[in-house]
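input.tsv (TSV, C-alpha atoms) appears below.
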```tsv
chain	number	residue	atom	x	y	z
A	1276	MET	CA	0.00	0.00	0.00
A	1277	ASN	CA	1.41	3.39	-0.91
A	1278	LYS	CA	1.32	6.38	1.39
A	1279	LEU	CA	-1.78	8.00	-0.09
A	1280	THR	CA	-3.94	4.87	0.09
A	1281	LEU	CA	-2.71	4.26	3.61
A	1282	TRP	CA	-3.65	7.82	4.61
A	1283	PHE	CA	-7.03	7.37	2.97
A	1284	HIS	CA	-7.66	4.20	4.94
A	1285	LYS	CA	-6.58	5.90	8.15
A	1286	LEU	CA	-9.09	8.69	7.45
A	1287	GLY	CA	-11.82	6.07	7.58
A	1288	SER	CA	-11.15	5.61	11.28
A	1289	PRO	CA	-13.49	7.90	13.27
A	1290	GLU	CA	-10.85	8.65	15.90
A	1291	TYR	CA	-8.19	9.58	13.36
A	1292	PHE	CA	-10.70	11.62	11.37
A	1293	TYR	CA	-11.82	13.47	14.51
A	1294	ARG	CA	-8.26	14.64	15.21
A	1295	PHE	CA	-7.58	15.35	11.52
A	1296	ALA	CA	-10.71	17.50	11.23
A	1297	GLY	CA	-9.91	19.29	14.48
A	1298	ARG	CA	-6.50	20.23	13.12
A	1299	TRP	CA	-7.68	21.55	9.72
A	1300	ALA	CA	-11.06	23.18	10.44
A	1301	PRO	CA	-9.53	26.32	12.08
A	1302	TRP	CA	-7.14	26.79	9.13
A	1303	ALA	CA	-10.02	26.61	6.68
A	1304	GLY	CA	-12.01	28.98	8.89
A	1305	TRP	CA	-9.34	31.65	9.13
A	1306	SER	CA	-8.48	31.52	5.42
A	1307	PHE	CA	-12.19	31.79	4.68
A	1308	ALA	CA	-12.44	34.92	6.83
A	1309	LEU	CA	-9.38	36.49	5.22
A	1310	LEU	CA	-10.45	35.75	1.63
A	1311	THR	CA	-14.01	36.94	2.28
A	1312	VAL	CA	-12.75	40.29	3.57
A	1313	ILE	CA	-10.48	40.66	0.52
A	1314	GLY	CA	-13.08	39.39	-1.96
A	1315	LEU	CA	-15.93	41.52	-0.64
A	1316	TYR	CA	-13.72	44.62	-0.40
A	1317	LEU	CA	-12.59	44.21	-4.02
A	1318	GLY	CA	-16.10	43.36	-5.16
A	1319	MET	CA	-18.02	46.05	-3.31
A	1320	PHE	CA	-15.53	48.95	-3.46
A	1321	LYS	CA	-12.82	48.32	-6.04
A	1322	ALA	CA	-14.67	46.68	-8.94
A	1323	PRO	CA	-16.16	49.21	-11.38
A	1324	PRO	CA	-19.94	49.44	-11.90
A	1325	ASP	CA	-21.39	47.45	-14.78
A	1326	TYR	CA	-22.13	49.19	-18.11
A	1327	GLN	CA	-25.79	48.18	-18.00
A	1328	GLN	CA	-26.69	47.18	-14.48
A	1329	GLY	CA	-24.76	49.88	-12.64
A	1330	GLU	CA	-24.13	49.12	-8.97
A	1331	SER	CA	-26.86	46.49	-8.58
A	1332	TYR	CA	-24.78	43.82	-10.27
A	1333	ARG	CA	-22.55	43.62	-7.16
A	1334	ILE	CA	-24.90	41.03	-5.66
A	1335	ILE	CA	-23.17	38.66	-8.11
A	1336	PHE	CA	-20.28	38.39	-5.61
A	1337	ILE	CA	-22.64	36.63	-3.18
A	1338	HIS	CA	-25.17	35.09	-5.55
A	1339	VAL	CA	-22.89	33.28	-7.99
A	1340	PRO	CA	-20.44	31.74	-5.45
A	1341	SER	CA	-23.47	30.53	-3.43
A	1342	ALA	CA	-25.05	29.01	-6.53
A	1343	TRP	CA	-21.81	27.22	-7.35
A	1344	MET	CA	-21.58	25.94	-3.78
A	1345	SER	CA	-25.17	24.72	-3.77
A	1346	MET	CA	-24.25	22.37	-6.63
A	1347	PHE	CA	-20.67	21.63	-5.55
A	1348	ILE	CA	-21.79	20.54	-2.07
A	1349	TYR	CA	-24.51	18.37	-3.57
A	1350	VAL	CA	-21.97	16.51	-5.70
A	1351	ALA	CA	-19.59	16.17	-2.72
A	1352	MET	CA	-22.47	14.91	-0.55
A	1353	SER	CA	-23.53	12.36	-3.18
A	1354	ALA	CA	-19.96	11.14	-3.61
A	1355	ALA	CA	-19.57	10.65	0.15
A	1356	GLY	CA	-23.00	9.03	0.30
A	1357	PHE	CA	-22.05	6.67	-2.52
A	1358	VAL	CA	-18.88	5.59	-0.70
A	1359	GLY	CA	-20.94	5.16	2.46
A	1360	LEU	CA	-23.52	3.01	0.68
A	1361	VAL	CA	-21.02	0.73	-1.03
A	1362	TRP	CA	-18.24	0.41	1.53
A	1363	ARG	CA	-20.27	1.18	4.68
A	1364	ILE	CA	-17.64	3.60	5.94
A	1365	LYS	CA	-18.96	5.50	8.97
A	1366	VAL	CA	-16.95	8.65	8.25
A	1367	ALA	CA	-18.23	8.82	4.66
A	1368	GLU	CA	-21.85	8.56	5.82
A	1369	ILE	CA	-21.23	11.30	8.36
A	1370	MET	CA	-19.53	13.57	5.82
A	1371	ALA	CA	-22.51	13.19	3.48
A	1372	MET	CA	-25.03	14.00	6.18
A	1373	ALA	CA	-22.95	16.88	7.57
A	1374	SER	CA	-22.91	18.45	4.08
A	1375	ALA	CA	-26.69	18.54	3.55
A	1376	PRO	CA	-27.59	21.51	5.82
A	1377	ILE	CA	-24.69	23.59	4.46
A	1378	GLY	CA	-25.77	22.90	0.88
A	1379	ALA	CA	-29.37	23.75	1.73
A	1380	ALA	CA	-28.25	27.04	3.28
A	1381	PHE	CA	-26.25	28.00	0.17
A	1382	THR	CA	-29.25	27.11	-2.02
A	1383	LEU	CA	-31.47	29.37	0.06
A	1384	VAL	CA	-28.94	32.22	-0.15
A	1385	THR	CA	-28.83	31.75	-3.93
A	1386	LEU	CA	-32.61	31.93	-4.26
A	1387	VAL	CA	-33.00	34.95	-1.97
A	1388	THR	CA	-30.16	37.02	-3.44
A	1389	GLY	CA	-31.38	36.07	-6.92
A	1390	ALA	CA	-34.84	37.40	-6.08
A	1391	PHE	CA	-33.36	40.70	-4.84
A	1392	TRP	CA	-31.40	40.95	-8.07
A	1393	GLY	CA	-34.34	39.97	-10.24
A	1394	LYS	CA	-36.70	42.68	-9.05
A	1395	PRO	CA	-34.73	45.71	-10.28
A	1396	MET	CA	-33.12	44.01	-13.28
A	1397	TRP	CA	-35.85	41.81	-14.74
A	1398	GLY	CA	-38.85	43.44	-13.14
A	1399	ALA	CA	-39.88	40.37	-11.11
A	1400	TYR	CA	-38.70	38.67	-7.91
A	1401	TRP	CA	-39.53	35.26	-9.28
A	1402	VAL	CA	-40.37	33.67	-12.61
A	1403	TRP	CA	-40.95	29.99	-13.32
A	1404	ASP	CA	-38.18	29.53	-15.82
A	1405	ALA	CA	-36.08	26.36	-16.01
A	1406	ARG	CA	-33.07	27.72	-14.07
A	1407	LEU	CA	-35.00	29.15	-11.14
A	1408	THR	CA	-37.36	26.19	-10.90
A	1409	SER	CA	-34.58	23.58	-10.94
A	1410	GLU	CA	-32.68	25.49	-8.24
A	1411	LEU	CA	-35.85	25.56	-6.11
A	1412	ILE	CA	-36.20	21.79	-6.63
A	1413	LEU	CA	-32.60	21.46	-5.40
A	1414	LEU	CA	-33.63	23.15	-2.13
A	1415	PHE	CA	-36.54	20.71	-1.76
A	1416	ILE	CA	-34.24	17.74	-2.40
A	1417	TYR	CA	-31.83	19.00	0.26
A	1418	LEU	CA	-34.72	19.41	2.72
A	1419	GLY	CA	-35.94	15.92	1.84
A	1420	ILE	CA	-32.51	14.45	2.58
A	1421	ILE	CA	-32.27	16.29	5.90
A	1422	GLY	CA	-35.82	15.27	6.80
A	1423	LEU	CA	-35.31	11.60	5.95
A	1424	TYR	CA	-32.08	11.51	7.95
A	1425	GLN	CA	-33.85	12.95	10.98
A	1426	ALA	CA	-36.92	10.72	10.61
A	1427	ILE	CA	-35.09	7.40	11.12
A	1428	GLU	CA	-34.00	6.52	14.64
A	1429	ASP	CA	-30.86	4.50	13.88
A	1430	ARG	CA	-28.17	6.94	12.71
A	1431	ARG	CA	-26.46	4.57	10.29
A	1432	THR	CA	-29.66	3.28	8.63
A	1433	ALA	CA	-30.81	6.88	8.39
A	1434	ALA	CA	-27.56	7.94	6.71
A	1435	ARG	CA	-27.82	5.14	4.16
A	1436	ALA	CA	-31.45	5.89	3.31
A	1437	ALA	CA	-30.71	9.61	2.95
A	1438	SER	CA	-27.61	8.86	0.84
A	1439	LEU	CA	-29.73	6.85	-1.56
A	1440	LEU	CA	-32.12	9.79	-1.85
A	1441	ALA	CA	-29.11	12.01	-2.56
A	1442	LEU	CA	-28.07	9.73	-5.43
A	1443	VAL	CA	-31.58	9.87	-6.86
A	1444	GLY	CA	-31.54	13.67	-6.72
A	1445	LEU	CA	-28.12	13.88	-8.36
A	1446	VAL	CA	-29.81	14.02	-11.77
A	1447	ASN	CA	-30.97	17.57	-10.96
A	1448	ILE	CA	-27.41	18.96	-10.95
A	1449	PRO	CA	-26.76	18.71	-14.73
A	1450	ILE	CA	-30.31	19.99	-15.28
A	1451	ILE	CA	-29.56	23.13	-13.24
A	1452	HIS	CA	-26.27	23.68	-15.01
A	1453	PHE	CA	-27.51	23.19	-18.56
A	1454	SER	CA	-31.02	24.65	-18.08
A	1455	VAL	CA	-29.91	27.98	-19.57
A	1456	GLU	CA	-28.63	26.20	-22.68
A	1457	TRP	CA	-31.37	23.61	-23.19
A	1458	TRP	CA	-34.32	25.94	-22.80
A	1459	THR	CA	-35.03	29.59	-23.38
A	1460	THR	CA	-34.87	31.09	-19.92
A	1461	LEU	CA	-35.09	34.55	-18.42
A	1462	HIS	CA	-31.94	33.78	-16.46
A	1463	GLN	CA	-28.84	34.61	-18.49
A	1464	GLY	CA	-26.26	32.05	-19.58
A	1465	SER	CA	-22.99	31.25	-17.83
A	1466	THR	CA	-20.59	34.15	-17.48
A	1467	VAL	CA	-17.58	32.27	-16.18
A	1468	ASN	CA	-16.38	29.35	-18.26
A	1469	LEU	CA	-13.78	26.87	-17.07
A	1470	MET	CA	-12.82	26.20	-20.65
A	1471	GLY	CA	-12.67	29.17	-23.00
A	1472	GLU	CA	-13.07	32.85	-22.35
A	1473	SER	CA	-15.25	34.34	-19.61
A	1474	SER	CA	-17.52	37.19	-20.65
A	1475	MET	CA	-16.58	39.30	-17.66
A	1476	HIS	CA	-14.02	42.02	-17.26
A	1477	PRO	CA	-10.98	40.88	-15.16
A	1478	SER	CA	-11.56	43.67	-12.60
A	1479	MET	CA	-14.92	42.02	-11.78
A	1480	LEU	CA	-13.85	38.43	-12.36
A	1481	TRP	CA	-11.09	38.37	-9.74
A	1482	PRO	CA	-13.26	39.27	-6.73
A	1483	LEU	CA	-15.76	36.67	-7.94
A	1484	LEU	CA	-13.13	33.95	-8.10
A	1485	ILE	CA	-11.77	34.93	-4.66
A	1486	MET	CA	-15.29	34.63	-3.26
A	1487	ALA	CA	-15.66	31.23	-4.95
A	1488	VAL	CA	-12.56	29.98	-3.11
A	1489	ALA	CA	-13.69	31.62	0.15
A	1490	THR	CA	-17.09	29.87	0.09
A	1491	LYS	CA	-15.36	26.53	-0.52
A	1492	LEU	CA	-13.16	27.11	2.54
A	1493	TYR	CA	-16.29	27.99	4.53
A	1494	TYR	CA	-17.76	24.66	3.49
A	1495	VAL	CA	-14.58	22.80	4.53
A	1496	MET	CA	-14.57	24.51	7.92
A	1497	ASN	CA	-18.27	23.97	8.52
A	1498	VAL	CA	-18.45	20.36	7.32
A	1499	LEU	CA	-15.41	19.32	9.38
A	1500	GLN	CA	-16.83	20.89	12.53
A	1501	ARG	CA	-20.23	19.30	11.98
A	1502	ALA	CA	-18.65	15.92	11.21
A	1503	ARG	CA	-16.60	16.15	14.43
A	1504	ASN	CA	-19.72	16.65	16.51
A	1505	MET	CA	-21.60	13.88	14.74
A	1506	ILE	CA	-18.69	11.46	15.17
A	1507	LEU	CA	-18.49	12.19	18.90
A	1508	GLU	CA	-22.22	11.56	19.23
A	1509	LEU	CA	-22.08	8.33	17.24
A	1510	GLU	CA	-19.00	7.02	19.06
A	1511	SER	CA	-19.91	8.32	22.51
A	1512	ASN	CA	-19.67	4.85	24.06
A	1513	LYS	CA	-16.17	4.20	22.67
A	1514	SER	CA	-13.26	4.75	24.99
A	1515	TRP	CA	-11.48	7.32	22.78
A	1516	ALA	CA	-14.61	9.45	22.62
A	1517	LYS	CA	-15.00	9.25	26.40
A	1518	THR	CA	-11.46	10.50	26.78
A	1519	VAL	CA	-12.30	13.45	24.53
A	1520	LEU	CA	-15.58	14.21	26.27
A	1521	GLN	CA	-14.38	13.86	29.87
A	1522	PRO	CA	-10.62	13.92	29.91
A	1523	ALA	CA	-10.39	14.17	33.70
A	1524	GLU	CA	-12.71	11.26	34.45
A	1525	ALA	CA	-11.18	8.90	31.94
A	1526	SER	CA	-7.65	9.39	33.19
A	1527	ARG	CA	-8.65	8.75	36.77
B	735	MET	CA	-13.55	-6.01	-3.61
B	736	THR	CA	-15.77	-8.46	-1.73
B	737	PRO	CA	-18.88	-9.82	-3.54
B	738	THR	CA	-21.21	-7.94	-1.16
B	739	ARG	CA	-19.50	-4.66	-1.85
B	740	LYS	CA	-19.52	-5.37	-5.56
B	741	ARG	CA	-23.25	-6.03	-5.43
B	742	ARG	CA	-23.84	-2.79	-3.51
B	743	LEU	CA	-21.62	-0.91	-5.97
B	744	TYR	CA	-23.69	-2.11	-8.92
B	745	ALA	CA	-26.95	-1.40	-7.10
B	746	ALA	CA	-25.91	2.17	-6.27
B	747	LEU	CA	-24.66	2.78	-9.81
B	748	ALA	CA	-27.87	1.32	-11.26
B	749	VAL	CA	-30.01	3.68	-9.15
B	750	THR	CA	-27.98	6.75	-10.14
B	751	ILE	CA	-27.77	5.94	-13.84
B	752	GLY	CA	-31.33	4.60	-14.01
B	753	VAL	CA	-32.80	7.79	-12.54
B	754	GLY	CA	-30.55	9.82	-14.85
B	755	VAL	CA	-31.77	8.04	-17.97
B	756	ALA	CA	-35.43	8.15	-16.90
B	757	VAL	CA	-35.34	11.87	-16.13
B	758	GLY	CA	-33.25	12.54	-19.23
B	759	LEU	CA	-35.87	10.93	-21.48
B	760	THR	CA	-38.70	12.79	-19.74
B	761	VAL	CA	-36.90	16.09	-20.14
B	762	MET	CA	-36.27	15.41	-23.83
B	763	ALA	CA	-39.94	14.62	-24.35
B	764	LEU	CA	-41.05	17.78	-22.56
B	765	ARG	CA	-38.40	19.98	-24.13
B	766	ASP	CA	-40.74	21.96	-26.37
B	767	ASN	CA	-43.20	22.54	-23.54
B	768	MET	CA	-40.57	23.95	-21.22
B	769	LEU	CA	-39.60	26.95	-23.31
B	770	PHE	CA	-39.89	30.14	-21.34
B	771	PHE	CA	-40.66	32.28	-24.37
B	772	PHE	CA	-41.29	32.26	-28.11
B	773	SER	CA	-39.36	34.29	-30.66
B	774	PRO	CA	-40.95	36.63	-33.24
B	775	THR	CA	-39.96	34.16	-35.99
B	776	GLU	CA	-41.94	31.41	-34.25
B	777	VAL	CA	-44.91	33.76	-33.89
B	778	HIS	CA	-44.82	34.56	-37.62
B	779	ALA	CA	-44.52	30.87	-38.46
B	780	GLY	CA	-47.82	30.35	-36.63
B	781	GLU	CA	-46.37	28.10	-33.92
B	782	VAL	CA	-48.29	30.00	-31.27
B	783	PRO	CA	-52.05	29.34	-31.02
B	784	GLU	CA	-54.07	32.51	-31.59
B	785	GLY	CA	-55.77	34.11	-28.62
B	786	SER	CA	-53.74	32.23	-26.01
B	787	ASN	CA	-51.36	33.75	-23.50
B	788	PHE	CA	-47.66	33.26	-24.09
B	789	ARG	CA	-44.31	34.93	-23.57
B	790	LEU	CA	-42.57	36.72	-26.40
B	791	GLY	CA	-38.82	37.29	-26.26
B	792	GLY	CA	-36.74	39.54	-28.47
B	793	MET	CA	-34.76	42.70	-28.78
B	794	VAL	CA	-36.36	46.13	-28.71
B	795	VAL	CA	-35.86	47.68	-32.16
B	796	ASP	CA	-33.85	50.93	-32.06
B	797	GLY	CA	-36.08	53.95	-32.44
B	798	SER	CA	-39.31	52.00	-32.22
B	799	VAL	CA	-40.34	52.99	-28.67
B	800	THR	CA	-43.23	55.48	-28.66
B	801	ARG	CA	-45.00	56.63	-25.52
B	802	THR	CA	-48.46	58.13	-25.31
B	803	PRO	CA	-48.02	61.42	-23.42
B	804	GLY	CA	-49.80	61.61	-20.08
B	805	SER	CA	-50.15	57.84	-19.62
B	806	LEU	CA	-48.04	54.73	-19.05
B	807	LYS	CA	-48.88	53.37	-22.50
B	808	VAL	CA	-45.86	52.38	-24.54
B	809	ARG	CA	-45.51	50.81	-27.97
B	810	PHE	CA	-42.41	49.20	-29.44
B	811	ASP	CA	-41.26	46.55	-31.88
B	812	LEU	CA	-39.58	43.29	-30.84
B	813	THR	CA	-37.20	41.54	-33.21
B	814	ASP	CA	-34.99	38.46	-33.36
B	815	HIS	CA	-33.27	39.85	-36.47
B	816	GLY	CA	-35.51	37.70	-38.63
B	817	GLN	CA	-39.05	38.85	-37.91
B	818	THR	CA	-40.58	41.72	-35.96
B	819	VAL	CA	-43.67	41.84	-33.77
B	820	PRO	CA	-45.25	45.11	-32.56
B	821	VAL	CA	-45.94	45.21	-28.81
B	822	GLU	CA	-48.29	47.35	-26.71
B	823	TYR	CA	-47.89	47.67	-22.96
B	824	GLU	CA	-49.29	49.82	-20.18
B	825	GLY	CA	-47.35	49.88	-16.94
B	826	ILE	CA	-43.97	50.46	-15.35
B	827	LEU	CA	-41.01	49.11	-17.30
B	828	PRO	CA	-37.98	47.52	-15.57
B	829	ASP	CA	-34.74	49.52	-15.18
B	830	LEU	CA	-32.99	47.61	-17.93
B	831	PHE	CA	-35.67	48.34	-20.53
B	832	ARG	CA	-34.11	50.32	-23.37
B	833	GLU	CA	-33.76	50.21	-27.12
B	834	GLY	CA	-31.52	47.37	-28.23
B	835	GLN	CA	-32.17	45.49	-24.95
B	836	GLY	CA	-33.43	41.91	-24.83
B	837	ILE	CA	-36.82	41.71	-23.13
B	838	ILE	CA	-39.56	39.16	-22.52
B	839	ALA	CA	-43.20	40.20	-22.64
B	840	MET	CA	-46.17	38.19	-21.33
B	841	GLY	CA	-49.47	38.57	-23.15
B	842	SER	CA	-51.31	37.57	-26.30
B	843	LEU	CA	-51.82	38.60	-29.92
B	844	ASN	CA	-54.87	40.65	-30.77
B	845	LYS	CA	-56.76	40.60	-34.10
B	846	ASP	CA	-54.36	43.07	-35.73
B	847	SER	CA	-51.38	40.82	-34.85
B	848	VAL	CA	-50.24	43.29	-32.20
B	849	PHE	CA	-48.88	41.65	-29.05
B	850	VAL	CA	-50.69	43.12	-26.05
B	851	ALA	CA	-48.42	42.63	-23.05
B	852	SER	CA	-49.56	42.43	-19.45
B	853	GLU	CA	-46.02	42.12	-18.07
B	854	VAL	CA	-42.62	43.13	-19.42
B	855	LEU	CA	-39.40	41.59	-18.07
B	856	ALA	CA	-35.88	42.62	-19.07
B	857	LYS	CA	-33.43	39.86	-19.94
B	858	HIS	CA	-29.88	40.84	-19.17
B	859	ASP	CA	-27.00	39.03	-20.77
B	860	GLU	CA	-24.01	37.25	-19.28
B	861	THR	CA	-21.57	40.04	-20.16
B	862	TYR	CA	-20.23	42.19	-17.36
B	863	MET	CA	-17.87	45.09	-17.97
B	864	PRO	CA	-17.09	48.62	-16.79
B	865	PRO	CA	-18.83	51.47	-18.70
B	866	GLU	CA	-15.50	52.69	-20.14
B	867	VAL	CA	-14.89	49.28	-21.73
B	868	ALA	CA	-18.41	49.26	-23.14
B	869	ASP	CA	-17.82	52.72	-24.63
B	870	ALA	CA	-14.55	51.57	-26.16
B	871	LEU	CA	-16.28	48.54	-27.70
B	872	LYS	CA	-19.05	50.75	-29.05
B	873	ALA	CA	-16.45	52.92	-30.76
B	874	VAL	CA	-15.11	49.85	-32.54
B	875	HIS	CA	-18.54	48.37	-33.36
B	876	PRO	CA	-20.83	51.38	-33.84
B	877	GLU	CA	-23.97	49.23	-34.34
B	878	GLY	CA	-23.82	48.26	-30.70
B	879	TYR	CA	-22.33	45.50	-28.65
B	880	ASN	CA	-24.56	42.63	-27.69
B	881	SER	CA	-24.14	38.98	-26.97
B	882	GLU	CA	-27.73	38.04	-26.17
B	883	ASN	CA	-29.02	34.77	-27.45
B	884	TYR	CA	-32.64	33.92	-28.07
B	885	GLY	CA	-33.21	30.20	-28.15
B	886	ASP	CA	-30.62	27.55	-28.85
B	887	ASP	CA	-30.82	27.65	-32.63
B	888	LYS	CA	-30.69	31.39	-33.05
B	889	LYS	CA	-27.46	32.51	-31.41
B	890	ASP	CA	-27.12	35.96	-32.89
B	891	THR	CA	-24.39	38.50	-32.76
B	892	PRO	CA	-25.82	41.39	-34.73
B	893	ASP	CA	-22.53	43.04	-35.48
B	894	GLY	CA	-20.98	39.85	-36.77
B	895	THR	CA	-18.34	39.54	-34.06
```
Output the file's structure as structure tokens, nothing else.
Amino acid sequence: MNKLTLWFHKLGSPEYFYRFAGRWAPWAGWSFALLTVIGLYLGMFKAPPDYQQGESYRIIFIHVPSAWMSMFIYVAMSAAGFVGLVWRIKVAEIMAMASAPIGAAFTLVTLVTGAFWGKPMWGAYWVWDARLTSELILLFIYLGIIGLYQAIEDRRTAARAASLLALVGLVNIPIIHFSVEWWTTLHQGSTVNLMGESSMHPSMLWPLLIMAVATKLYYVMNVLQRARNMILELESNKSWAKTVLQPAEASR
Amino acid sequence: MTPTRKRRLYAALAVTIGVGVAVGLTVMALRDNMLFFFSPTEVHAGEVPEGSNFRLGGMVVDGSVTRTPGSLKVRFDLTDHGQTVPVEYEGILPDLFREGQGIIAMGSLNKDSVFVASEVLAKHDETYMPPEVADALKAVHPEGYNSENYGDDKKDTPDGT
């Protein structure tokens, strides 16, 4: 076994993962805070106003990174859920379930900021076009996953059932992404393209990309913290967890 | 991989791919019904049933906007650079409404083939740039810079860029 596979196997151990997450979550948190301050400062004060939308376009620096995260987290959650379903790895199940509330929150932020943007620009808070509707469905899928996980008493059965639901809902992700290309929508097409040129001036693109990295770090920080708590709860009768919970008593 | 894990792996893959194919086929079948708006060319081709409500998307023709003084009535032409449809609307227009701008109007055709709109939404494009850059581009392409697209088969760049 090479070093990477060995490390990966180690990460499957709840105790090792607990310590690993505890070490990295603060780093992710502080870099998130730093990048958000830089990104928002550049976006809100340094970036020039848009030639058509004026100052109102600045909501893009919140809206677009959140929208990306709503889909990114869903894919990450499904991948973890898939590993949990096939290999029955506790940590993978927990990572999937810890991701769901964060993804749901980003989806909600996307929908709300989009509505605030839509009113002045389009003339409506909400329209039932393919992009907006599929993003709303994403929120419902997230809520369904969270609800199913909470409805089942046994934590591990619950995680597996909810992971299966996550895999079923995975089909919505390409629909959200391609909705603006497949159908005529009120929502505009993609501005930032991974391959090829982005139709955005660099002075506006950089703050957006910084915010995209910042939101990812926020997710890392949040998911690791949540996973730590969930692991402690799940393993509370194991001796290592008792040592963590009551260090004084265990050493006595 | 143990046989149990292999079985689970196939089951999980089957669920994911199965749902994907099922939804994919449904979406393909419903594709024409999920259009948010029709283009003026489609209206002229008679693809829209007469008297029914629908959304019309296009670009406001330069110099076509006329307002009735003392009221909120406005009249303009919508084009997709193939066909043009005249539109009547009474109400407050969104901030982005201007000549050369892509908009979507909700309403129906009357007997004189005029589209009477009950709601007008502005469609903004995916291009973001500072005003100075826009001015510089305008100087190079005097007919106006625009990268709107109306429907998948009619990607138009009016100035040929």
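With atom CA of Gln1327 of chain A on one side and atom CA of Pro864 of chain B on the other, the separation reads 8.8 Å.
Nearest to chain B of all the residues A:Asn1497, A:Ser1511, A:Thr1408, A:Ser1306 is A:Thr1408, counting only C-alpha atoms.
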(request) Counting all atoms listed in the file, collect the residues of chain A whose closest atom lies at most 9 Å from chain B, and write them out as number ranges by chain. (result) A: 1322-1329, 1332, 1357-1358, 1360-1363, 1394-1399, 1403-1405, 1439, 1442-1447, 1450, 1456-1467, 1473-1480
(message) I'd like the neighbourhood of Ala1441 of chain A as a VMD selection string, where a residue qualifies if any of its atoms comes within 12 Å (using all atoms listed in the file), though same-chain residues fewer than 3 positions away should be ignored.
(response) (chain A and resid 1348 to 1357 1359 to 1360 1368 1371 to 1372 1374 to 1375 1378 1413 1415 to 1424 1434 to 1438 1444 to 1448) or (chain B and resid 746 749 to 750 753)
Axis-aligned box for segment 742-752 of chain B, 8 Å per side, centre and edges in Å as lines of an AutoDock Vina configuration file:
```
center_x = -26.5
center_y = 2.0
center_z = -8.8
size_x = 25.7
size_y = 25.5
size_z = 26.5
```
(message) Within 12 Å of (-9.7, 19.9, 9.9) (file coordinates; only C-alpha atoms), which protein or nucleic acid residues are there? I'd like them as a PyMOL selection string.
(response) chain A and resi 1286+1291-1305+1492-1503
Next, dump the selected residues to file, keeping only C-alpha atoms, as an mmCIF file, in the coordinates of the input.
```cif
data_model
loop_
_atom_site.group_PDB
_atom_site.id
_atom_site.type_symbol
_atom_site.label_atom_id
_atom_site.label_comp_id
_atom_site.auth_asym_id
_atom_site.auth_seq_id
_atom_site.Cartn_x
_atom_site.Cartn_y
_atom_site.Cartn_z
ATOM 1 C CA LEU A 1286 -9.090 8.690 7.450
ATOM 2 C CA TYR A 1291 -8.190 9.580 13.360
ATOM 3 C CA PHE A 1292 -10.700 11.620 11.370
ATOM 4 C CA TYR A 1293 -11.820 13.470 14.510
ATOM 5 C CA ARG A 1294 -8.260 14.640 15.210
ATOM 6 C CA PHE A 1295 -7.580 15.350 11.520
ATOM 7 C CA ALA A 1296 -10.710 17.500 11.230
ATOM 8 C CA GLY A 1297 -9.910 19.290 14.480
ATOM 9 C CA ARG A 1298 -6.500 20.230 13.120
ATOM 10 C CA TRP A 1299 -7.680 21.550 9.720
ATOM 11 C CA ALA A 1300 -11.060 23.180 10.440
ATOM 12 C CA PRO A 1301 -9.530 26.320 12.080
ATOM 13 C CA TRP A 1302 -7.140 26.790 9.130
ATOM 14 C CA ALA A 1303 -10.020 26.610 6.680
ATOM 15 C CA GLY A 1304 -12.010 28.980 8.890
ATOM 16 C CA TRP A 1305 -9.340 31.650 9.130
ATOM 17 C CA LEU A 1492 -13.160 27.110 2.540
ATOM 18 C CA TYR A 1493 -16.290 27.990 4.530
ATOM 19 C CA TYR A 1494 -17.760 24.660 3.490
ATOM 20 C CA VAL A 1495 -14.580 22.800 4.530
ATOM 21 C CA MET A 1496 -14.570 24.510 7.920
ATOM 22 C CA ASN A 1497 -18.270 23.970 8.520
ATOM 23 C CA VAL A 1498 -18.450 20.360 7.320
ATOM 24 C CA LEU A 1499 -15.410 19.320 9.380
ATOM 25 C CA GLN A 1500 -16.830 20.890 12.530
ATOM 26 C CA ARG A 1501 -20.230 19.300 11.980
ATOM 27 C CA ALA A 1502 -18.650 15.920 11.210
ATOM 28 C CA ARG A 1503 -16.600 16.150 14.430
#
```
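Distance-wise, atom CA of Leu1281 of chain A and atom CA of Thr1432 of chain A end up 27.4 Å apart.
Put simply, atom CA of Leu1386 of chain A is 18.5 Å away from atom CA of Lys1491 of chain A.
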